[in-house]
Every structure is written in C-alpha cells, then in structure tokens.
>>> print(open('start.cif').read())   # mmCIF, C-alpha atoms
data_query
#
loop_
_atom_site.group_PDB
_atom_site.id
_atom_site.type_symbol
_atom_site.label_atom_id
_atom_site.label_comp_id
_atom_site.auth_asym_id
_atom_site.auth_seq_id
_atom_site.Cartn_x
_atom_site.Cartn_y
_atom_site.Cartn_z
ATOM 1 C CA MET A 6 100.391 256.208 -69.696
ATOM 2 C CA LYS A 7 101.446 259.841 -69.204
ATOM 3 C CA ASN A 8 97.805 260.955 -69.020
ATOM 4 C CA LEU A 9 96.956 258.135 -66.599
ATOM 5 C CA LEU A 10 99.787 259.095 -64.239
ATOM 6 C CA THR A 11 98.717 262.737 -64.408
ATOM 7 C CA ILE A 12 95.125 261.845 -63.515
ATOM 8 C CA ILE A 13 96.238 259.664 -60.592
ATOM 9 C CA LEU A 14 98.476 262.445 -59.295
ATOM 10 C CA THR A 15 95.603 264.915 -59.523
ATOM 11 C CA ILE A 16 93.193 262.635 -57.664
ATOM 12 C CA VAL A 17 95.724 261.965 -54.904
ATOM 13 C CA THR A 18 96.555 265.661 -54.559
ATOM 14 C CA VAL A 19 92.917 266.773 -54.388
ATOM 15 C CA SER A 20 91.967 263.954 -52.001
ATOM 16 C CA THR A 21 94.847 264.684 -49.644
ATOM 17 C CA PHE A 22 94.144 268.406 -49.809
ATOM 18 C CA ALA A 23 90.465 267.912 -48.957
ATOM 19 C CA GLN A 24 90.946 265.270 -46.276
ATOM 20 C CA GLY A 25 93.530 267.389 -44.514
ATOM 21 C CA SER A 26 91.259 270.445 -44.614
ATOM 22 C CA LEU A 27 87.706 269.350 -43.943
ATOM 23 C CA GLY A 28 86.489 268.438 -40.504
ATOM 24 C CA THR A 29 89.445 269.647 -38.433
ATOM 25 C CA GLY A 30 87.154 270.910 -35.685
ATOM 26 C CA LYS A 31 88.589 274.436 -35.856
ATOM 27 C CA GLU A 32 86.173 275.840 -38.428
ATOM 28 C CA LYS A 33 83.616 278.547 -37.633
ATOM 29 C CA ASN A 34 80.319 279.626 -39.131
ATOM 30 C CA VAL A 35 80.295 282.504 -41.613
ATOM 31 C CA ASP A 36 78.010 285.516 -42.076
ATOM 32 C CA TYR A 37 77.402 284.828 -45.774
ATOM 33 C CA LYS A 38 76.793 281.350 -47.155
ATOM 34 C CA TYR A 39 77.210 282.119 -50.854
ATOM 35 C CA ARG A 40 79.444 284.099 -53.150
ATOM 36 C CA VAL A 41 79.729 284.817 -56.868
ATOM 37 C CA SER A 42 82.843 286.006 -58.665
ATOM 38 C CA LEU A 43 84.409 286.461 -62.073
ATOM 39 C CA PRO A 44 87.986 287.034 -63.257
ATOM 40 C CA GLY A 45 89.052 290.578 -64.036
ATOM 41 C CA ILE A 46 89.980 289.561 -67.591
ATOM 42 C CA THR A 47 86.287 289.153 -68.396
ATOM 43 C CA VAL A 48 85.542 292.891 -68.164
ATOM 44 C CA PRO A 49 88.262 294.745 -70.166
ATOM 45 C CA GLN A 50 88.046 292.440 -73.190
ATOM 46 C CA PHE A 51 84.715 294.084 -74.036
ATOM 47 C CA PHE A 52 86.434 297.484 -74.308
ATOM 48 C CA THR A 53 90.057 296.923 -75.297
ATOM 49 C CA LYS A 54 89.490 295.239 -78.654
ATOM 50 C CA ALA A 55 86.741 294.279 -81.062
ATOM 51 C CA TRP A 56 84.836 291.139 -80.101
ATOM 52 C CA ASP A 57 85.713 289.519 -83.435
ATOM 53 C CA ASP A 58 89.412 290.461 -83.256
ATOM 54 C CA PRO A 59 91.408 287.251 -83.952
ATOM 55 C CA THR A 60 93.322 287.612 -80.675
ATOM 56 C CA ASN A 61 90.250 288.260 -78.521
ATOM 57 C CA THR A 62 89.796 285.127 -76.428
ATOM 58 C CA GLN A 63 86.119 285.999 -75.799
ATOM 59 C CA HIS A 64 86.654 284.779 -72.251
ATOM 60 C CA ILE A 65 83.523 284.549 -70.099
ATOM 61 C CA GLU A 66 83.735 282.892 -66.682
ATOM 62 C CA LEU A 67 81.523 282.798 -63.589
ATOM 63 C CA HIS A 68 81.999 281.137 -60.198
ATOM 64 C CA VAL A 69 79.155 280.334 -57.787
ATOM 65 C CA LYS A 70 80.410 279.107 -54.418
ATOM 66 C CA ARG A 71 79.062 277.875 -51.103
ATOM 67 C CA ASN A 72 80.877 278.669 -47.855
ATOM 68 C CA ILE A 73 80.768 275.468 -45.791
ATOM 69 C CA ASP A 74 82.461 277.324 -42.932
ATOM 70 C CA ASP A 75 85.210 279.938 -42.569
ATOM 71 C CA LYS A 76 87.858 277.562 -43.975
ATOM 72 C CA ASN A 77 86.193 275.449 -46.675
ATOM 73 C CA ILE A 78 84.450 276.643 -49.824
ATOM 74 C CA ILE A 79 83.035 274.532 -52.654
ATOM 75 C CA GLY A 80 81.714 275.808 -55.948
ATOM 76 C CA LEU A 81 80.692 275.520 -59.587
ATOM 77 C CA LYS A 82 82.658 277.072 -62.424
ATOM 78 C CA PHE A 83 81.030 278.100 -65.709
ATOM 79 C CA ALA A 84 83.532 279.032 -68.421
ATOM 80 C CA THR A 85 83.903 279.520 -72.155
ATOM 81 C CA TRP A 86 86.779 280.942 -74.187
ATOM 82 C CA ARG A 87 88.233 280.939 -77.676
ATOM 83 C CA LEU A 88 91.877 280.056 -78.410
ATOM 84 C CA PHE A 89 93.808 281.400 -81.384
ATOM 85 C CA GLN A 90 97.093 279.602 -80.570
ATOM 86 C CA PRO A 91 98.233 276.731 -78.281
ATOM 87 C CA MET A 92 97.688 277.373 -74.569
ATOM 88 C CA GLY A 93 100.953 275.605 -73.670
ATOM 89 C CA ILE A 94 103.264 278.420 -74.816
ATOM 90 C CA LEU A 95 104.863 279.717 -71.611
ATOM 91 C CA TRP A 96 106.116 283.201 -70.752
ATOM 92 C CA TRP A 97 109.761 282.220 -71.268
ATOM 93 C CA ASP A 98 108.902 280.702 -74.655
ATOM 94 C CA GLY A 99 108.274 284.225 -75.902
ATOM 95 C CA LEU A 100 104.497 284.100 -75.477
ATOM 96 C CA LEU A 101 103.917 287.786 -76.269
ATOM 97 C CA ASP A 102 106.319 287.687 -79.218
ATOM 98 C CA LYS A 103 104.428 284.719 -80.628
ATOM 99 C CA VAL A 104 101.197 286.720 -80.478
ATOM 100 C CA GLU A 105 102.765 289.673 -82.300
ATOM 101 C CA SER A 106 104.458 287.536 -84.965
ATOM 102 C CA GLU A 107 101.412 285.248 -85.415
ATOM 103 C CA THR A 108 103.812 282.353 -86.088
ATOM 104 C CA GLU A 109 101.885 279.915 -83.861
ATOM 105 C CA PHE A 110 98.346 280.958 -84.783
ATOM 106 C CA TYR A 111 95.855 278.202 -85.492
ATOM 107 C CA PRO A 112 94.291 278.009 -88.951
ATOM 108 C CA GLY A 113 91.094 279.204 -87.269
ATOM 109 C CA HIS A 114 89.973 278.993 -83.635
ATOM 110 C CA VAL A 115 88.905 276.477 -81.013
ATOM 111 C CA ARG A 116 86.014 277.285 -78.665
ATOM 112 C CA GLU A 117 86.225 275.540 -75.271
ATOM 113 C CA SER A 118 83.242 275.543 -72.894
ATOM 114 C CA GLY A 119 82.327 273.643 -69.764
ATOM 115 C CA VAL A 120 80.947 273.428 -66.232
ATOM 116 C CA GLY A 121 83.291 272.282 -63.475
ATOM 117 C CA VAL A 122 83.793 272.095 -59.718
ATOM 118 C CA SER A 123 86.163 273.824 -57.306
ATOM 119 C CA TYR A 124 87.406 273.497 -53.746
ATOM 120 C CA GLN A 125 88.916 276.480 -51.928
ATOM 121 C CA ARG A 126 90.740 276.264 -48.593
ATOM 122 C CA MET A 127 91.489 279.319 -46.473
ATOM 123 C CA LEU A 128 95.003 278.756 -45.128
ATOM 124 C CA TRP A 129 95.900 281.770 -43.003
ATOM 125 C CA LYS A 130 93.943 285.014 -42.675
ATOM 126 C CA GLY A 131 93.119 285.852 -46.321
ATOM 127 C CA LEU A 132 95.623 283.453 -47.888
ATOM 128 C CA PHE A 133 93.954 280.593 -49.778
ATOM 129 C CA ALA A 134 94.579 277.708 -52.161
ATOM 130 C CA THR A 135 92.074 276.464 -54.748
ATOM 131 C CA VAL A 136 91.777 273.394 -56.965
ATOM 132 C CA GLU A 137 89.457 273.505 -59.992
ATOM 133 C CA VAL A 138 88.473 270.711 -62.393
ATOM 134 C CA LEU A 139 86.711 271.741 -65.596
ATOM 135 C CA PRO A 140 85.536 269.257 -68.272
ATOM 136 C CA GLN A 141 85.404 271.130 -71.579
ATOM 137 C CA PHE A 142 83.736 270.484 -74.904
ATOM 138 C CA LYS A 143 85.679 271.882 -77.849
ATOM 139 C CA THR A 144 84.449 273.195 -81.189
ATOM 140 C CA TYR A 145 87.010 273.737 -83.950
ATOM 141 C CA LEU A 146 86.421 276.470 -86.527
ATOM 142 C CA ASP A 147 88.375 277.192 -89.705
ATOM 143 C CA GLU A 148 89.496 280.655 -90.817
ATOM 144 C CA GLU A 149 86.065 281.310 -92.343
ATOM 145 C CA GLY A 150 84.350 280.472 -89.067
ATOM 146 C CA GLU A 151 82.964 277.161 -90.312
ATOM 147 C CA LYS A 152 82.832 274.244 -87.890
ATOM 148 C CA ILE A 153 85.322 271.462 -88.726
ATOM 149 C CA GLY A 154 85.151 269.228 -85.650
ATOM 150 C CA ASN A 155 84.424 268.606 -81.969
ATOM 151 C CA GLY A 156 86.608 267.388 -79.111
ATOM 152 C CA PHE A 157 86.921 267.054 -75.345
ATOM 153 C CA LYS A 158 89.457 268.243 -72.760
ATOM 154 C CA LEU A 159 89.779 267.888 -68.986
ATOM 155 C CA TYR A 160 91.199 271.202 -67.752
ATOM 156 C CA ASN A 161 92.591 271.484 -64.215
ATOM 157 C CA SER A 162 93.997 274.494 -62.357
ATOM 158 C CA PHE A 163 95.712 275.195 -59.030
ATOM 159 C CA HIS A 164 95.490 278.652 -57.450
ATOM 160 C CA LEU A 165 97.257 280.507 -54.651
ATOM 161 C CA GLY A 166 95.878 283.903 -53.717
ATOM 162 C CA TYR A 167 94.653 286.324 -51.090
ATOM 163 C CA HIS A 168 91.054 287.237 -50.194
ATOM 164 C CA LEU A 169 90.388 290.918 -49.478
ATOM 165 C CA ALA A 170 86.852 291.881 -48.366
ATOM 166 C CA PHE A 171 85.684 295.489 -48.235
ATOM 167 C CA GLY A 172 82.570 297.609 -47.835
ATOM 168 C CA LYS A 173 80.489 298.320 -44.753
ATOM 169 C CA LYS A 174 79.375 294.710 -44.370
ATOM 170 C CA LYS A 175 82.329 293.103 -46.160
ATOM 171 C CA ARG A 176 80.093 291.842 -48.961
ATOM 172 C CA PHE A 177 82.424 292.782 -51.796
ATOM 173 C CA PHE A 178 85.816 291.183 -52.303
ATOM 174 C CA VAL A 179 88.804 290.898 -54.597
ATOM 175 C CA GLU A 180 91.139 287.917 -54.855
ATOM 176 C CA PRO A 181 94.518 288.568 -56.502
ATOM 177 C CA GLN A 182 96.105 285.235 -57.284
ATOM 178 C CA VAL A 183 98.530 283.216 -59.359
ATOM 179 C CA HIS A 184 97.468 279.930 -60.916
ATOM 180 C CA SER A 185 98.901 277.111 -62.972
ATOM 181 C CA GLN A 186 96.948 274.700 -65.103
ATOM 182 C CA PHE A 187 97.299 271.461 -67.025
ATOM 183 C CA TRP A 188 94.958 269.461 -69.242
ATOM 184 C CA VAL A 189 94.463 265.841 -70.300
ATOM 185 C CA PHE A 190 92.142 263.842 -72.599
ATOM 186 C CA ASP A 191 92.596 266.415 -75.386
ATOM 187 C CA THR A 192 90.659 264.473 -78.041
ATOM 188 C CA ASN A 193 89.702 264.676 -81.723
ATOM 189 C CA THR A 194 92.022 267.567 -82.559
ATOM 190 C CA PRO A 195 92.169 268.291 -86.320
ATOM 191 C CA ASP A 196 95.626 267.641 -87.781
ATOM 192 C CA ALA A 197 96.448 271.277 -88.541
ATOM 193 C CA PHE A 198 95.671 272.236 -84.929
ATOM 194 C CA LYS A 199 97.365 269.157 -83.466
ATOM 195 C CA GLN A 200 100.656 269.872 -85.233
ATOM 196 C CA LEU A 201 100.851 273.184 -83.380
ATOM 197 C CA ASP A 202 99.657 271.756 -80.040
ATOM 198 C CA ASP A 203 102.259 268.976 -80.153
ATOM 199 C CA LYS A 204 105.063 271.553 -80.342
ATOM 200 C CA TRP A 205 104.144 272.881 -76.898
ATOM 201 C CA ARG A 206 103.258 271.700 -73.419
ATOM 202 C CA ASN A 207 99.988 270.493 -71.892
ATOM 203 C CA TYR A 208 100.362 272.933 -68.988
ATOM 204 C CA PHE A 209 100.771 276.647 -68.325
ATOM 205 C CA LEU A 210 102.549 278.068 -65.263
ATOM 206 C CA PHE A 211 102.236 281.194 -63.142
ATOM 207 C CA GLU A 212 99.346 283.074 -64.716
ATOM 208 C CA PRO A 213 98.463 286.204 -62.688
ATOM 209 C CA ASN A 214 94.804 287.086 -62.247
ATOM 210 C CA ILE A 215 92.384 288.944 -60.022
ATOM 211 C CA TYR A 216 88.815 287.930 -59.233
ATOM 212 C CA LEU A 217 85.998 290.312 -58.314
ATOM 213 C CA GLY A 218 83.106 289.048 -56.217
ATOM 214 C CA LEU A 219 80.066 289.513 -54.025
ATOM 215 C CA LYS A 220 78.919 287.591 -50.920
ATOM 216 C CA PHE A 221 75.285 287.070 -49.973
#
>>> encode(input="start.cif", output="structure tokens")
Amino acid sequence: MKNLLTIILTIVTVSTFAQGSLGTGKEKNVDYKYRVSLPGITVPQFFTKAWDDPTNTQHIELHVKRNIDDKNIIGLKFATWRLFQPMGILWWDGLLDKVESETEFYPGHVRESGVGVSYQRMLWKGLFATVEVLPQFKTYLDEEGEKIGNGFKLYNSFHLGYHLAFGKKKRFFVEPQVHSQFWVFDTNTPDAFKQLDDKWRNYFLFEPNIYLGLKF
C-alpha cells in the first residue's frame, strides 16, 4: 500500500508539473536543439581512488536531452553505479561516519543500471526544476565478487538548480543543483542485504551536485 501511494503521488506530481508547463504560449525557440551532460562526480572518481576500492561507487551517468523550446526540455538518462551500503542513510544519520566505521557495509556490493526519462522546466532565468524516473536492474555480488542474485528498482529524483551557459556561443554549461530521490519496487533483495536496507529509508534528501554539459 505504501508503494502504491508513493507511485500515485509521483504520477500526479509529474502530470501536474508537465501540464502546467507545456503549451503556455510563452515559450520561444532555442539556438540549440540538443544537449548532453554528466554529473561532476563521474570525473574525479577515476583519480581520487582505485576503481576497485570498496567505497568507489563506480558511478557513470550520461544525459541526452532535447530542447522543445526555451522552457521545456525532455531527455534520456543512462546510469550505472555500485553501492557498498544502503542509499537511505541520510546526512544527519551520520552518513560519513558510517562510511569510515564500515558498520553498515553490505556483505558485498549491488550494481544498479538503467535507462530512464527526464523532464526539465526552466522556471525563471537560469533557475530550473527537473523530474527523473529511472528503472534499474540490480545485480548482487558477494565479497568475492560472485553474483548471488538479481533484482529491480524504480528510482525517482527531483532536482532544483541553476543553468549557467558560457563560451563565445554559449555552447558549454554547468548546472549546480540539489536533488532528492526515492525508490520503490525494490525486489529480490538477498536477506543479508535486506536486513541492512530495512534499517534505513527508501529516500535520500538534499544531495548537492553539479552537471557539466554541451549544447549542439
């Protein structure tokens, strides 16, 4: 029932958001129809720690978007990452302390990968809001790296940020933002992983990020 109510709330929120944004008659054409971007976290992880470090999330993410007009942007999201502890541990739960103490580490890792959709609405000047829905397929690995199961998750995120374009033709851009996410349909979780997941929430709040991108 909790998952059903969450899904209904998401559908209503996205529908209202889109209906109130598209087709207002105030939109204008744009110079560039397409854009690609990736989160800043994708780059430093290749240099700050070994790829096989247990706490390296191996996060790779790419966004390909289409500018409908100067207000409405739709896109595809390609993402994969590896979790070493539950995602629902919030900042005020002592998130960083949990990483250092390793008290909430999984007995292995879970790889989550998927292709999703996004809708971005420009609100005022560079200020924007984005909704993303990402179905994910999960692969569970034990401490030796052997596969022990598969699962599925529907991962959703809500973003508020600011678009800053630069360069001679304003092709390059950065988007500092804060986002919150929640997930449902978290299926087929092995017992040892589930015991840890059940201790924490199915959402994470106020994650800072910055996206780097190119328009064309």
>>> closest_residue(input="start.cif", among="A:Lys152, A:Gly172, A:Leu95, A:Glu180", to="Phe211 in chain A", atoms="all atoms listed in the file")
A:Leu95
>>> resolve_selection(input="start.cif", expression="the PyMOL selection byres ((chain A and resi 42) around 10)", output="list in words")
Arg40, Val41, Leu43, Pro44, Gly45, Glu66, Leu67, His68, Val69, Lys70, Lys82, Phe177, Phe178, Val179, Glu180, Tyr216, Leu217, Gly218, Leu219 and Lys220 of chain A
>>> residues_around(input="start.cif", residues="Val120 in chain A", least_positions_apart="2", cutoff="7 Å", atoms="only C-alpha atoms", output="CSV table (one decimal) with C-alpha atoms, in the frame of the given file")
chain,number,residue,atom,x,y,z
A,81,LEU,CA,80.7,275.5,-59.6
A,82,LYS,CA,82.7,277.1,-62.4
A,83,PHE,CA,81.0,278.1,-65.7
A,84,ALA,CA,83.5,279.0,-68.4
A,139,LEU,CA,86.7,271.7,-65.6
A,140,PRO,CA,85.5,269.3,-68.3
>>> residues_around(input="start.cif", residues="Leu88 in chain A", least_positions_apart="2", cutoff="7 Å", atoms="all atoms listed in the file", output="list in words")
Thr62, Trp86, Gln90, His114, Val115 and Arg116 of chain A
>>> resolve_selection(input="start.cif", expression="the PyMOL selection byres ((chain A and resi 125-136) around 8)", output="ChimeraX atom specification")
/A:19,26,75-79,123-124,137-138,161-169
>>> resolve_selection(input="start.cif", expression="the PyMOL selection byres ((chain A and resi 191) around 6)", output="number ranges by chain")
A: 157-158, 189-190, 192
>>> residues_around(input="start.cif", residues="range 49-53 of chain A", least_positions_apart="2", cutoff="10 Å", atoms="all atoms listed in the file", output="NGL selection string")
:A and (45-47 or 55-56 or 61-65)
>>> residues_around(input="start.cif", residues="Asn193 in chain A", least_positions_apart="3", cutoff="9 Å", atoms="all atoms listed in the file", output="PyMOL selection string")
chain A and resi 154-157+196
>>> atom_distance(input="start.cif", atom1="CA of Gly93 in chain A", atom2="CA of Glu212 in chain A")
11.8 Å
>>> atom_distance(input="start.cif", atom1="CA of Pro195 in chain A", atom2="CA of Lys54 in chain A")
28.1 Å
>>> atom_distance(input="start.cif", atom1="CA of Asp58 in chain A", atom2="CA of Leu101 in chain A")
16.3 Å
>>> closest_residue(input="start.cif", among="A:Tyr111, A:Tyr37, A:Phe209, A:Trp188", to="Phe221 in chain A", atoms="only C-alpha atoms")
A:Tyr37
>>> closest_residue(input="start.cif", among="A:Lys175, A:Gln200, A:Glu105, A:Pro91", to="Val35 in chain A", atoms="only C-alpha atoms")
A:Lys175
>>> axis_aligned_box(input="start.cif", around="range 204-220 of chain A", padding_each_side="5 Å", output="AutoDock Vina command-line options")
--center_x 92.0 --center_y 280.4 --center_z -65.6 --size_x 36.1 --size_y 29.8 --size_z 39.4
>>> closest_residue(input="start.cif", among="A:Leu146, A:Ile215, A:Leu100, A:Met92", to="Tyr160 in chain A", atoms="all atoms listed in the file")
A:Met92
>>> closest_residue(input="start.cif", among="A:His184, A:Lys103, A:Lys174, A:Lys199", to="Asn214 in chain A", atoms="all atoms listed in the file")
A:His184
>>> residues_near_point(input="start.cif", point="(81.5, 272.3, -73.1)", cutoff="8 Å", atoms="all atoms listed in the file", output="VMD selection string")
chain A and resid 85 117 to 120 140 to 143 157
>>> residues_near_point(input="start.cif", point="(76.5, 280.2, -46.7)", cutoff="6 Å", atoms="all atoms listed in the file", output="VMD selection string")
chain A and resid 37 to 39 71 to 72
>>> closest_residue(input="start.cif", among="A:Lys173, A:Leu210, A:Leu201, A:Val48", to="Ser185 in chain A", atoms="all atoms listed in the file")
A:Leu210
>>> decode(input="start.cif", residues="range 13-125 of chain A", atoms="C-alpha atoms", output="compact mmCIF listing (two decimals), in the first residue's frame")
# COMPACT_ATOMS: atom_id res chain seq x y z
CA ILE A 13 0.25 7.62 -7.34
CA LEU A 14 1.77 10.71 -5.74
CA THR A 15 4.63 10.63 -8.23
CA ILE A 16 2.32 10.31 -11.23
CA VAL A 17 0.11 13.16 -10.02
CA THR A 18 3.11 15.39 -9.31
CA VAL A 19 4.76 14.77 -12.69
CA SER A 20 1.47 15.15 -14.57
CA THR A 21 0.60 18.42 -12.85
CA PHE A 22 4.13 19.70 -13.34
CA ALA A 23 4.08 18.91 -17.07
CA GLN A 24 0.54 20.11 -17.75
CA GLY A 25 1.21 23.40 -16.03
CA SER A 26 4.43 23.90 -18.00
CA LEU A 27 3.89 22.74 -21.55
CA GLY A 28 1.93 24.75 -24.06
CA THR A 29 1.59 28.02 -22.14
CA GLY A 30 2.07 30.06 -25.30
CA LYS A 31 5.00 31.99 -23.84
CA GLU A 32 7.77 29.66 -25.00
CA LYS A 33 10.38 30.65 -27.59
CA ASN A 34 12.59 28.76 -30.00
CA VAL A 35 16.17 27.99 -28.97
CA ASP A 36 19.50 28.17 -30.81
CA TYR A 37 20.49 24.60 -29.91
CA LYS A 38 18.06 21.69 -30.00
CA TYR A 39 20.16 19.13 -28.13
CA ARG A 40 22.41 18.90 -25.12
CA VAL A 41 24.49 16.25 -23.37
CA SER A 42 25.66 16.38 -19.77
CA LEU A 43 27.13 14.31 -16.97
CA PRO A 44 27.41 14.83 -13.20
CA GLY A 45 30.68 16.14 -11.83
CA ILE A 46 31.02 13.07 -9.59
CA THR A 47 31.71 10.95 -12.67
CA VAL A 48 35.11 12.56 -13.36
CA PRO A 49 37.03 12.68 -10.02
CA GLN A 50 36.23 9.08 -9.07
CA PHE A 51 38.70 7.96 -11.75
CA PHE A 52 41.51 9.86 -9.99
CA THR A 53 40.69 10.04 -6.28
CA LYS A 54 40.65 6.32 -5.51
CA ALA A 55 41.30 2.96 -7.10
CA TRP A 56 38.48 1.69 -9.30
CA ASP A 57 38.20 -1.49 -7.21
CA ASP A 58 38.24 0.36 -3.87
CA PRO A 59 35.26 -0.96 -1.84
CA THR A 60 33.89 2.56 -1.37
CA ASN A 61 34.21 3.57 -5.03
CA THR A 62 30.65 3.74 -6.36
CA GLN A 63 31.90 3.37 -9.96
CA HIS A 64 29.28 5.94 -10.91
CA ILE A 65 28.83 6.53 -14.64
CA GLU A 66 25.93 8.68 -15.84
CA LEU A 67 25.04 10.42 -19.10
CA HIS A 68 22.09 12.64 -20.05
CA VAL A 69 20.97 13.29 -23.64
CA LYS A 70 18.27 15.95 -23.85
CA ARG A 71 16.10 17.67 -26.44
CA ASN A 72 15.14 21.33 -26.04
CA ILE A 73 11.47 21.56 -27.04
CA ASP A 74 11.64 25.33 -26.58
CA ASP A 75 13.29 27.75 -24.14
CA LYS A 76 11.21 26.44 -21.21
CA ASN A 77 10.74 22.70 -21.71
CA ILE A 78 13.42 20.03 -22.03
CA ILE A 79 12.95 16.26 -22.26
CA GLY A 80 15.68 13.66 -22.13
CA LEU A 81 17.08 10.18 -21.63
CA LYS A 82 19.23 9.21 -18.66
CA PHE A 83 21.79 6.40 -18.82
CA ALA A 84 23.22 5.45 -15.43
CA THR A 85 25.08 2.71 -13.59
CA TRP A 86 26.61 2.67 -10.11
CA ARG A 87 27.72 0.29 -7.39
CA LEU A 88 26.51 0.55 -3.78
CA PHE A 89 28.52 -0.63 -0.80
CA GLN A 90 25.94 0.37 1.85
CA PRO A 91 22.23 1.36 1.92
CA MET A 92 21.41 4.52 -0.04
CA GLY A 93 18.83 5.60 2.56
CA ILE A 94 21.35 6.72 5.20
CA LEU A 95 20.90 10.49 5.42
CA TRP A 96 23.42 13.19 6.32
CA TRP A 97 22.03 13.59 9.84
CA ASP A 98 22.21 9.82 10.36
CA GLY A 99 25.98 10.15 10.37
CA LEU A 100 26.45 9.14 6.73
CA LEU A 101 30.18 9.94 6.60
CA ASP A 102 30.80 8.29 9.97
CA LYS A 103 29.09 5.14 8.73
CA VAL A 104 31.45 5.05 5.75
CA GLU A 105 34.52 5.41 7.98
CA SER A 106 33.35 2.84 10.54
CA GLU A 107 32.08 0.39 7.87
CA THR A 108 29.29 -0.63 10.27
CA GLU A 109 26.60 -0.55 7.56
CA PHE A 110 28.60 -2.07 4.71
CA TYR A 111 26.91 -4.75 2.64
CA PRO A 112 28.44 -8.23 2.57
CA GLY A 113 29.47 -7.41 -1.00
CA HIS A 114 28.04 -4.89 -3.48
CA VAL A 115 24.94 -4.23 -5.56
CA ARG A 116 25.29 -2.93 -9.12
CA GLU A 117 22.32 -0.84 -10.32
CA SER A 118 21.96 0.09 -14.00
CA GLY A 119 19.18 1.51 -16.13
CA VAL A 120 17.84 3.85 -18.80
CA GLY A 121 15.24 6.42 -17.78
CA VAL A 122 13.46 9.61 -18.81
CA SER A 123 13.57 13.19 -17.56
CA TYR A 124 11.60 16.41 -17.84
CA GLN A 125 13.24 19.77 -17.10
